[in-house]
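Text of start.cif (mmCIF, C-alpha atoms and all ligand atoms) as supplied:
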data_start
loop_
_atom_site.label_atom_id
_atom_site.label_comp_id
_atom_site.auth_asym_id
_atom_site.auth_seq_id
_atom_site.Cartn_x
_atom_site.Cartn_y
_atom_site.Cartn_z
CA MET Y 1 86.52 101.21 80.97
CA ALA Y 2 88.86 103.30 78.81
CA GLN Y 3 91.22 101.45 76.53
CA ILE Y 4 94.82 101.42 77.79
CA LYS Y 5 97.17 103.15 75.34
CA ASN Y 6 100.30 103.89 77.32
CA ILE Y 7 101.71 101.81 80.20
CA GLY Y 8 104.20 103.36 82.62
CA LEU Y 9 106.82 100.94 83.93
CA PHE Y 10 109.04 101.29 86.99
CA THR Y 11 111.13 99.32 89.48
CA SER Y 12 111.08 100.27 93.14
CA GLY Y 13 112.56 99.23 96.50
CA GLY Y 14 115.67 97.04 96.68
CA ASP Y 15 116.89 95.89 93.27
CA ALA Y 16 116.79 92.18 92.46
CA PRO Y 17 118.48 90.11 89.74
CA GLY Y 18 115.91 89.43 87.04
CA MET Y 19 114.34 92.89 87.19
CA ASN Y 20 115.89 93.64 83.79
CA ALA Y 21 114.40 90.47 82.35
CA ALA Y 22 111.03 91.59 83.71
CA ILE Y 23 111.44 95.08 82.20
CA ARG Y 24 112.24 93.51 78.84
CA ALA Y 25 109.21 91.24 79.02
CA VAL Y 26 106.83 94.07 79.90
CA VAL Y 27 108.18 96.35 77.15
CA ARG Y 28 108.11 93.68 74.46
CA ALA Y 29 104.64 92.41 75.49
CA ALA Y 30 103.22 95.94 75.44
CA LEU Y 31 104.67 96.62 71.98
CA PHE Y 32 103.44 93.23 70.76
CA HIS Y 33 99.92 94.35 71.72
CA ASN Y 34 100.41 97.78 70.09
CA VAL Y 35 100.47 99.64 73.39
CA GLN Y 36 103.00 102.41 74.06
CA ILE Y 37 105.36 101.98 76.97
CA THR Y 38 106.94 104.70 79.08
CA GLY Y 39 109.91 104.01 81.34
CA ILE Y 40 109.94 105.76 84.72
CA ARG Y 41 113.36 106.07 86.36
CA ARG Y 42 114.01 105.65 90.10
CA GLY Y 43 110.61 104.31 91.10
CA PHE Y 44 108.17 106.58 92.88
CA GLU Y 45 110.80 109.34 93.09
CA GLY Y 46 111.06 109.46 89.30
CA MET Y 47 107.28 109.42 89.02
CA ILE Y 48 107.06 112.49 91.25
CA ASN Y 49 109.88 114.24 89.38
CA GLY Y 50 108.64 113.39 85.88
CA ASP Y 51 111.68 111.28 85.00
CA PHE Y 52 109.84 109.57 82.11
CA PHE Y 53 111.06 108.38 78.68
CA PRO Y 54 109.50 106.43 75.81
CA MET Y 55 110.75 102.84 75.44
CA ASP Y 56 110.98 100.76 72.28
CA ARG Y 57 112.07 97.20 71.53
CA ARG Y 58 115.70 98.24 71.28
CA SER Y 59 115.75 99.98 74.66
CA VAL Y 60 115.59 96.53 76.22
CA SER Y 61 118.01 94.70 73.91
CA ASN Y 62 120.78 92.81 75.62
CA ILE Y 63 119.58 93.28 79.19
CA ILE Y 64 117.97 89.91 80.00
CA GLN Y 65 121.28 88.61 81.40
CA ARG Y 66 122.15 91.67 83.52
CA GLY Y 67 121.70 92.14 87.25
CA GLY Y 68 120.39 95.41 88.72
CA THR Y 69 117.71 97.44 87.00
CA MET Y 70 118.21 99.64 83.92
CA LEU Y 71 115.31 101.79 85.20
CA LYS Y 72 117.17 102.38 88.48
CA THR Y 73 115.34 102.17 91.77
CA ALA Y 74 114.80 104.08 94.98
CA ARG Y 75 112.83 104.07 98.18
CA SER Y 76 110.64 107.19 98.41
CA ALA Y 77 109.50 108.89 101.61
CA HIS Y 78 107.76 111.60 99.55
CA PHE Y 79 105.39 109.09 97.91
CA LYS Y 80 104.13 108.13 101.37
CA THR Y 81 102.48 111.57 101.57
CA TYR Y 82 99.29 112.50 99.70
CA GLU Y 83 101.08 115.53 98.17
CA GLY Y 84 103.78 113.25 96.78
CA ARG Y 85 101.23 110.92 95.20
CA GLN Y 86 99.27 113.86 93.82
CA ALA Y 87 102.44 115.20 92.18
CA ALA Y 88 103.10 111.74 90.70
CA TYR Y 89 99.55 111.60 89.29
CA GLU Y 90 100.04 115.02 87.63
CA GLN Y 91 103.12 113.65 85.88
CA LEU Y 92 101.25 110.56 84.65
CA LYS Y 93 98.62 112.85 83.12
CA LYS Y 94 101.26 115.10 81.57
CA PHE Y 95 102.92 112.12 79.85
CA ASN Y 96 99.57 110.48 78.93
CA VAL Y 97 100.34 107.38 80.97
CA ASP Y 98 97.07 105.62 81.72
CA ALA Y 99 98.19 102.42 83.52
CA LEU Y 100 101.23 101.16 85.43
CA VAL Y 101 103.32 98.04 85.86
CA ALA Y 102 105.23 98.14 89.15
CA ILE Y 103 108.15 95.78 89.78
CA GLY Y 104 109.10 95.51 93.44
CA GLY Y 105 108.26 94.05 96.81
CA ASP Y 106 106.20 94.71 99.87
CA GLY Y 107 106.74 98.50 100.13
CA THR Y 108 106.18 98.98 96.40
CA PHE Y 109 102.83 97.21 96.46
CA ARG Y 110 101.61 99.08 99.53
CA GLY Y 111 102.42 102.37 97.74
CA THR Y 112 100.89 101.36 94.40
CA LYS Y 113 97.74 100.01 96.05
CA THR Y 114 97.05 103.34 97.75
CA PHE Y 115 97.97 105.32 94.63
CA GLY Y 116 95.89 103.18 92.25
CA GLU Y 117 92.82 103.52 94.45
CA GLU Y 118 93.21 107.24 95.19
CA PHE Y 119 93.65 108.28 91.57
CA ASP Y 120 91.82 105.45 89.80
CA VAL Y 121 94.91 104.24 87.93
CA PRO Y 122 95.05 100.56 86.90
CA VAL Y 123 98.22 98.94 88.27
CA ILE Y 124 99.56 95.39 88.04
CA GLY Y 125 102.62 94.39 90.08
CA LEU Y 126 105.45 91.95 89.47
CA PRO Y 127 107.14 90.36 92.50
CA GLY Y 128 110.71 91.71 92.31
CA THR Y 129 112.64 91.14 95.53
CA ILE Y 130 115.35 88.76 96.67
CA ASP Y 131 113.44 88.22 99.93
CA ASN Y 132 110.70 85.84 98.67
CA ASP Y 133 108.41 87.29 101.30
CA LEU Y 134 105.24 87.87 99.28
CA ARG Y 135 102.07 85.82 99.33
CA GLY Y 136 100.61 84.84 95.98
CA THR Y 137 103.76 83.54 94.33
CA ASP Y 138 105.90 80.51 95.10
CA PHE Y 139 109.01 82.50 94.25
CA THR Y 140 109.85 86.17 93.73
CA ILE Y 141 112.09 87.44 90.94
CA GLY Y 142 115.66 87.57 92.29
CA TYR Y 143 115.30 85.01 95.05
CA ASP Y 144 116.79 82.09 93.14
CA THR Y 145 119.81 84.13 92.06
CA ALA Y 146 120.31 85.41 95.60
CA ILE Y 147 120.23 81.96 97.18
CA ASN Y 148 122.69 80.71 94.58
CA THR Y 149 125.00 83.62 95.45
CA VAL Y 150 124.65 82.65 99.12
CA ILE Y 151 125.47 79.00 98.52
CA ASN Y 152 128.55 79.90 96.46
CA ALA Y 153 129.77 82.13 99.29
CA VAL Y 154 128.97 79.65 102.07
CA ASP Y 155 130.68 76.79 100.22
CA LYS Y 156 133.83 78.94 100.28
CA ILE Y 157 133.38 79.78 103.95
CA ARG Y 158 132.99 76.04 104.60
CA ASP Y 159 136.49 75.47 103.15
CA THR Y 160 138.14 77.88 105.54
CA ALA Y 161 135.92 76.81 108.48
CA GLU Y 162 137.03 73.22 107.92
CA SER Y 163 140.71 74.13 107.61
CA HIS Y 164 140.70 76.08 110.89
CA ASP Y 165 138.16 74.00 112.83
CA ARG Y 166 135.93 77.05 113.24
CA LEU Y 167 132.29 77.81 113.84
CA PHE Y 168 131.02 80.40 111.36
CA ILE Y 169 127.92 82.46 111.87
CA VAL Y 170 126.90 83.72 108.44
CA GLU Y 171 124.28 86.45 108.11
CA VAL Y 172 122.17 86.55 104.98
CA MET Y 173 119.63 89.16 103.79
CA GLY Y 174 115.85 89.06 103.90
CA ARG Y 175 114.50 91.91 105.97
CA ASP Y 176 112.74 90.11 108.83
CA SER Y 177 112.22 87.07 106.63
CA GLY Y 178 113.97 83.72 106.89
CA MET Y 179 113.29 82.53 103.34
CA ILE Y 180 116.84 83.07 102.07
CA ALA Y 181 118.37 81.60 105.24
CA LEU Y 182 116.15 78.53 105.22
CA ARG Y 183 116.68 77.40 101.66
CA ALA Y 184 120.36 78.36 101.54
CA GLY Y 185 120.82 76.65 104.92
CA ILE Y 186 119.50 73.36 103.56
CA ALA Y 187 121.53 73.70 100.37
CA THR Y 188 124.79 74.31 102.24
CA GLY Y 189 124.25 71.67 104.91
CA ALA Y 190 124.17 74.27 107.69
CA GLU Y 191 124.25 72.87 111.23
CA GLU Y 192 121.64 75.40 112.36
CA ILE Y 193 119.55 78.21 110.95
CA ILE Y 194 118.28 81.12 112.99
CA ILE Y 195 115.31 82.89 111.43
CA PRO Y 196 112.73 85.34 112.79
CA GLU Y 197 109.85 82.93 112.04
CA ASN Y 198 111.24 80.23 114.32
CA LYS Y 199 111.91 81.57 117.79
CA SER Y 200 113.67 78.40 119.00
CA GLY Y 201 116.64 78.68 116.61
CA MET Y 202 119.01 80.26 119.16
CA LEU Y 203 118.00 77.79 121.90
CA ASN Y 204 118.50 74.89 119.50
CA LEU Y 205 121.97 76.14 118.67
CA ILE Y 206 122.95 76.39 122.33
CA ASP Y 207 121.50 72.95 123.02
CA ARG Y 208 123.35 71.47 120.08
CA LEU Y 209 126.65 73.05 121.13
CA GLU Y 210 126.17 71.84 124.73
CA ASN Y 211 124.77 68.39 124.14
CA GLY Y 212 125.36 67.57 120.48
CA ARG Y 213 128.19 65.68 118.84
CA LYS Y 214 131.58 66.73 120.13
CA ASP Y 215 133.53 65.37 117.17
CA LYS Y 216 132.29 68.09 114.78
CA THR Y 217 135.28 70.18 113.89
CA SER Y 218 133.61 72.95 111.88
CA ARG Y 219 130.11 74.31 111.87
CA ILE Y 220 128.07 76.71 109.77
CA VAL Y 221 125.14 78.59 111.28
CA ILE Y 222 123.04 80.66 108.87
CA VAL Y 223 121.29 83.66 110.40
CA ALA Y 224 118.67 85.87 108.76
CA GLU Y 225 119.17 89.59 109.27
CA CYS Y 226 116.65 90.75 111.80
CA GLU Y 227 115.86 93.96 113.60
CA ASP Y 228 115.15 92.37 117.03
CA GLU Y 229 117.74 93.16 119.68
CA GLU Y 230 118.22 89.36 119.97
CA GLY Y 231 118.83 89.04 116.24
CA GLY Y 232 121.74 89.82 114.00
CA ALA Y 233 124.84 87.74 113.51
CA PHE Y 234 127.15 89.90 115.64
CA GLU Y 235 124.82 89.66 118.61
CA ILE Y 236 124.52 85.89 118.20
CA GLY Y 237 128.29 85.62 117.73
CA ARG Y 238 128.89 87.56 120.96
CA HIS Y 239 126.56 85.24 122.82
CA VAL Y 240 128.19 82.08 121.45
CA LYS Y 241 131.70 83.37 122.22
CA GLU Y 242 130.70 84.15 125.80
CA LYS Y 243 129.06 80.80 126.42
CA PHE Y 244 131.47 78.61 124.46
CA PRO Y 245 134.87 80.34 124.72
CA HIS Y 246 136.67 77.16 123.64
CA LEU Y 247 135.05 77.36 120.18
CA ASP Y 248 136.87 79.40 117.54
CA THR Y 249 133.92 81.49 116.33
CA ARG Y 250 133.78 83.94 113.43
CA VAL Y 251 130.99 86.10 112.04
CA SER Y 252 130.56 86.80 108.35
CA ILE Y 253 127.96 89.17 106.87
CA LEU Y 254 127.28 88.49 103.20
CA GLY Y 255 125.43 91.78 102.61
CA HIS Y 256 124.64 93.35 99.26
CA ILE Y 257 126.53 90.86 97.10
CA GLN Y 258 123.26 88.92 97.41
CA ARG Y 259 121.47 91.60 95.39
CA GLY Y 260 123.75 91.62 92.37
CA GLY Y 261 124.90 89.37 89.56
CA LYS Y 262 123.52 87.64 86.51
CA PRO Y 263 120.03 86.27 87.06
CA THR Y 264 119.64 82.49 87.02
CA CYS Y 265 117.55 80.72 84.38
CA MET Y 266 114.76 80.38 86.90
CA ASP Y 267 114.62 84.13 87.59
CA ARG Y 268 114.79 85.03 83.89
CA VAL Y 269 111.92 82.70 83.04
CA LEU Y 270 109.84 83.78 86.04
CA ALA Y 271 110.38 87.44 85.07
CA SER Y 272 109.50 86.78 81.42
CA ARG Y 273 106.33 84.85 82.21
CA THR Y 274 104.99 87.26 84.83
CA GLY Y 275 106.02 90.29 82.69
CA VAL Y 276 103.88 89.13 79.75
CA ALA Y 277 101.06 88.17 82.12
CA ALA Y 278 101.09 91.64 83.73
CA VAL Y 279 100.59 93.45 80.42
CA GLU Y 280 97.90 91.05 79.23
CA ALA Y 281 96.13 91.34 82.59
CA LEU Y 282 96.01 95.14 82.34
CA LEU Y 283 94.65 94.93 78.80
CA ALA Y 284 92.02 92.44 80.00
CA GLY Y 285 90.84 94.94 82.63
CA ARG Y 286 92.57 93.59 85.76
CA ARG Y 287 94.03 96.03 88.29
CA GLY Y 288 95.33 96.21 91.85
CA GLU Y 289 96.90 92.74 91.68
CA MET Y 290 100.29 91.07 91.58
CA ALA Y 291 101.09 88.58 88.83
CA GLY Y 292 102.90 85.63 90.42
CA LEU Y 293 103.45 81.96 89.83
CA ILE Y 294 101.76 79.29 91.96
CA ASN Y 295 102.40 75.61 91.17
CA ASN Y 296 104.00 76.76 87.92
CA GLU Y 297 100.83 78.55 86.76
CA ILE Y 298 100.31 82.31 86.53
CA ALA Y 299 98.19 83.52 89.45
CA PHE Y 300 96.88 86.98 90.39
CA THR Y 301 96.72 88.12 94.00
CA PRO Y 302 95.28 91.45 95.23
CA PHE Y 303 98.03 93.72 96.56
CA GLU Y 304 96.62 93.73 100.08
CA GLN Y 305 96.97 89.94 100.27
CA ALA Y 306 100.37 89.82 98.58
CA VAL Y 307 102.13 92.12 101.01
CA LYS Y 308 103.74 90.31 103.83
CA HIS Y 309 102.05 89.46 107.06
CA ASN Y 310 103.79 86.51 108.61
CA ILE Y 311 104.62 84.48 105.55
CA ASP Y 312 104.24 80.81 106.43
CA ILE Y 313 107.48 78.96 106.74
CA ASP Y 314 107.07 75.25 106.04
CA PRO Y 315 107.91 73.56 109.38
CA ASN Y 316 109.10 70.54 107.41
CA MET Y 317 111.92 72.63 105.96
CA ILE Y 318 113.08 73.44 109.49
CA ARG Y 319 112.87 69.74 110.43
CA ILE Y 320 114.99 68.87 107.42
CA VAL Y 321 117.80 71.13 108.70
CA GLU Y 322 117.61 69.37 112.08
CA ILE Y 323 117.53 65.86 110.63
CA LEU Y 324 120.34 66.42 108.17
CA SER Y 325 122.74 68.15 110.51
CA LEU Y 326 122.98 65.15 112.85
O1 LIG Y 401 114.27 93.92 100.41
C1 LIG Y 401 115.49 93.57 99.87
C2 LIG Y 401 116.60 93.82 100.83
O2 LIG Y 401 117.81 93.42 100.25
C3 LIG Y 401 116.42 93.19 102.21
O3 LIG Y 401 116.76 91.84 102.23
C4 LIG Y 401 117.31 94.07 103.05
O4 LIG Y 401 116.91 94.10 104.39
C5 LIG Y 401 117.13 95.41 102.45
O5 LIG Y 401 116.72 95.20 101.10
C6 LIG Y 401 118.37 96.27 102.46
O6 LIG Y 401 118.04 97.53 101.98
P1 LIG Y 401 119.06 98.65 101.52
O7 LIG Y 401 119.20 98.53 100.04
O8 LIG Y 401 118.37 99.91 101.87
O9 LIG Y 401 120.35 98.41 102.21
#

Please express the file's structure as structure tokens.
Amino acid sequence: MAQIKNIGLFTSGGDAPGMNAAIRAVVRAALFHNVQITGIRRGFEGMINGDFFPMDRRSVSNIIQRGGTMLKTARSAHFKTYEGRQAAYEQLKKFNVDALVAIGGDGTFRGTKTFGEEFDVPVIGLPGTIDNDLRGTDFTIGYDTAINTVINAVDKIRDTAESHDRLFIVEVMGRDSGMIALRAGIATGAEEIIIPENKSGMLNLIDRLENGRKDKTSRIVIVAECEDEEGGAFEIGRHVKEKFPHLDTRVSILGHIQRGGKPTCMDRVLASRTGVAAVEALLAGRRGEMAGLINNEIAFTPFEQAVKHNIDIDPNMIRIVEILSL
């Protein structure tokens, strides 16, 4: 196994708060171990286009507290083709990059897995996504900040809901994943959560509105964005308005504010720990795995297991919403 001399680093997919802290950790850990580090801008797109630059300790000064990603990010259709990946490999050779650290989510790891195997490039991934929809880590980088953004927003919506005696249907992000909705729902005391992993959410809501307490003046329902025709807050809002015209119902979509802002302590520490672990794993000969945190210990999971396939939602968490919204 050839010794790794130059690690290429990129962020890809949706940005997530804490990605900058992860970039800093990877750069500093590589330099600590006397390995060169090359930044790649705009994810796979930048890899294909040769948008590479050398990084040093100062290139990552003063970024640990910033949201977004200083390396920029993109989703790349071109990298899904063999020609695109071949072009990316040519650029790695041109810049003498002999290993990669990829920070991203599901799509990023699918792409890097294929690429690493096709061209025999060692890659370690860091879980960077607000969605928390990867196996092999209790939390992803960005999730904690995103749910804190959601609870700040929903607390404010609660004020106006209470003043006007309204029912609010609030849509949160998490492409086909209810992880943001579930945790933020518990933390905001939501009356109901509707998530793709629990098909009875809509029925429960109707049942509660028909047969539940009538003295509730305001209600918050948290809905995960979802591509089903049944899903989506506007669709649910339309249904509720039709069935319960006496309720004053409003829909609020929180959208991309959930992706920005200063990372929380938890995300900064998670990013720093997994960033160092990723570099040390590459140098120890690991490849094709994601560095995550399970029970507060660093854990490595092969990409094919990390990428989402029906992440388990703890049924107890759903019960807690039911019990506490009596
Ligand atoms: O994966 C992160 C995420 O924010 C999802 O929760 C959401 O569905 C998606 O990205 C939105 O993507 P875009 O940035 O293309 O709007």

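Between Pro196 in chain Y and the candidates Y:Glu297, Y:Asp312, Y:Ile147, Y:Ile124, the tightest atom-to-atom separation, counting only C-alpha atoms, involves Y:Asp312.
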
Need the shell around range 273-288 of chain Y: protein/DNA/RNA residues with any atom at most 10 Å away, counting all atoms listed in the file. Skip same-chain ones fewer than 6 positions apart. Format as a ChimeraX atom specification?
/Y:1-5,7,19,21-33,35,99-103,109,112-117,120-127,141,267,297-304

Let me know the centre plus edge lengths, in Å and rounded to one decimal, of a box with edges along x, y and z that contains all listed atoms of ligand LIG 401 (chain Y) and is padded by 8 Å on every side, as lines of an AutoDock Vina configuration file.
center_x = 117.3
center_y = 95.9
center_z = 102.1
size_x = 22.1
size_y = 24.1
size_z = 20.5

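Going from atom C1 of ligand LIG 401 (chain Y) over to CA of Ile193 in chain Y, you cover 19.4 Å.
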
Return as a CSV table (one decimal) with C-alpha atoms, in the coordinates of the input every polymer residue, whether protein, DNA or RNA, with at least one atom no more than 12 Å from an atom of ligand LIG 401 (chain Y); count all atoms listed in the file.
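And here is the file that came out, result31.csv:
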chain,number,residue,atom,x,y,z
Y,12,SER,CA,111.1,100.3,93.1
Y,13,GLY,CA,112.6,99.2,96.5
Y,14,GLY,CA,115.7,97.0,96.7
Y,15,ASP,CA,116.9,95.9,93.3
Y,16,ALA,CA,116.8,92.2,92.5
Y,17,PRO,CA,118.5,90.1,89.7
Y,68,GLY,CA,120.4,95.4,88.7
Y,73,THR,CA,115.3,102.2,91.8
Y,74,ALA,CA,114.8,104.1,95.0
Y,75,ARG,CA,112.8,104.1,98.2
Y,76,SER,CA,110.6,107.2,98.4
Y,104,GLY,CA,109.1,95.5,93.4
Y,105,GLY,CA,108.3,94.0,96.8
Y,106,ASP,CA,106.2,94.7,99.9
Y,107,GLY,CA,106.7,98.5,100.1
Y,108,THR,CA,106.2,99.0,96.4
Y,127,PRO,CA,107.1,90.4,92.5
Y,128,GLY,CA,110.7,91.7,92.3
Y,129,THR,CA,112.6,91.1,95.5
Y,130,ILE,CA,115.4,88.8,96.7
Y,131,ASP,CA,113.4,88.2,99.9
Y,132,ASN,CA,110.7,85.8,98.7
Y,133,ASP,CA,108.4,87.3,101.3
Y,134,LEU,CA,105.2,87.9,99.3
Y,140,THR,CA,109.8,86.2,93.7
Y,141,ILE,CA,112.1,87.4,90.9
Y,142,GLY,CA,115.7,87.6,92.3
Y,143,TYR,CA,115.3,85.0,95.0
Y,146,ALA,CA,120.3,85.4,95.6
Y,147,ILE,CA,120.2,82.0,97.2
Y,171,GLU,CA,124.3,86.4,108.1
Y,172,VAL,CA,122.2,86.6,105.0
Y,173,MET,CA,119.6,89.2,103.8
Y,174,GLY,CA,115.8,89.1,103.9
Y,175,ARG,CA,114.5,91.9,106.0
Y,176,ASP,CA,112.7,90.1,108.8
Y,177,SER,CA,112.2,87.1,106.6
Y,178,GLY,CA,114.0,83.7,106.9
Y,179,MET,CA,113.3,82.5,103.3
Y,180,ILE,CA,116.8,83.1,102.1
Y,181,ALA,CA,118.4,81.6,105.2
Y,224,ALA,CA,118.7,85.9,108.8
Y,225,GLU,CA,119.2,89.6,109.3
Y,226,CYS,CA,116.6,90.8,111.8
Y,227,GLU,CA,115.9,94.0,113.6
Y,232,GLY,CA,121.7,89.8,114.0
Y,254,LEU,CA,127.3,88.5,103.2
Y,255,GLY,CA,125.4,91.8,102.6
Y,256,HIS,CA,124.6,93.4,99.3
Y,257,ILE,CA,126.5,90.9,97.1
Y,258,GLN,CA,123.3,88.9,97.4
Y,259,ARG,CA,121.5,91.6,95.4
Y,260,GLY,CA,123.8,91.6,92.4
Y,308,LYS,CA,103.7,90.3,103.8

Return the single residue from Y:Ala153, Y:Met317, Y:Glu191, Y:Glu162 that is closest to Ile253 in chain Y, with distances computed using all atoms listed in the file.
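Checking each candidate against Ile253 in chain Y, we get Y:Ala153 as the closest.
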
Which residues are close to range 80-91 of chain Y, i.e. within 9 Å by only C-alpha atoms, leaving aside same-chain residues fewer than 4 positions away? Reply as number ranges by chain.
Y: 44-52, 76, 95-97, 111, 115, 118-119, 121

Export range 185-213 of chain Y of the preceding structure, keeping C-alpha atoms, as a PDB file, in the first residue's frame.
ATOM      1  CA  GLY Y 185     -41.515  17.947  17.531  1.00  0.00           C
ATOM      2  CA  ILE Y 186     -40.708  16.602  20.986  1.00  0.00           C
ATOM      3  CA  ALA Y 187     -38.652  19.677  21.859  1.00  0.00           C
ATOM      4  CA  THR Y 188     -41.428  22.090  20.884  1.00  0.00           C
ATOM      5  CA  GLY Y 189     -44.273  20.126  22.454  1.00  0.00           C
ATOM      6  CA  ALA Y 190     -45.946  19.549  19.079  1.00  0.00           C
ATOM      7  CA  GLU Y 191     -49.451  18.070  19.235  1.00  0.00           C
ATOM      8  CA  GLU Y 192     -48.684  15.770  16.306  1.00  0.00           C
ATOM      9  CA  ILE Y 193     -45.831  14.911  13.988  1.00  0.00           C
ATOM     10  CA  ILE Y 194     -46.295  13.571  10.490  1.00  0.00           C
ATOM     11  CA  ILE Y 195     -43.252  11.765   9.133  1.00  0.00           C
ATOM     12  CA  PRO Y 196     -42.717   9.385   6.206  1.00  0.00           C
ATOM     13  CA  GLU Y 197     -41.565   6.574   8.530  1.00  0.00           C
ATOM     14  CA  ASN Y 198     -44.867   6.496  10.413  1.00  0.00           C
ATOM     15  CA  LYS Y 199     -47.790   6.106   8.051  1.00  0.00           C
ATOM     16  CA  SER Y 200     -50.432   6.669  10.752  1.00  0.00           C
ATOM     17  CA  GLY Y 201     -49.468  10.297  11.482  1.00  0.00           C
ATOM     18  CA  MET Y 202     -52.205  11.843   9.314  1.00  0.00           C
ATOM     19  CA  LEU Y 203     -54.875   9.464  10.668  1.00  0.00           C
ATOM     20  CA  ASN Y 204     -53.783  10.226  14.225  1.00  0.00           C
ATOM     21  CA  LEU Y 205     -54.110  13.932  13.547  1.00  0.00           C
ATOM     22  CA  ILE Y 206     -57.638  13.554  12.174  1.00  0.00           C
ATOM     23  CA  ASP Y 207     -58.604  11.324  15.087  1.00  0.00           C
ATOM     24  CA  ARG Y 208     -57.195  13.791  17.570  1.00  0.00           C
ATOM     25  CA  LEU Y 209     -59.006  16.723  15.965  1.00  0.00           C
ATOM     26  CA  GLU Y 210     -62.282  14.756  15.887  1.00  0.00           C
ATOM     27  CA  ASN Y 211     -62.164  13.028  19.232  1.00  0.00           C
ATOM     28  CA  GLY Y 212     -59.437  14.734  21.254  1.00  0.00           C
ATOM     29  CA  ARG Y 213     -59.672  17.547  23.761  1.00  0.00           C
TER      30      ARG Y 213
END
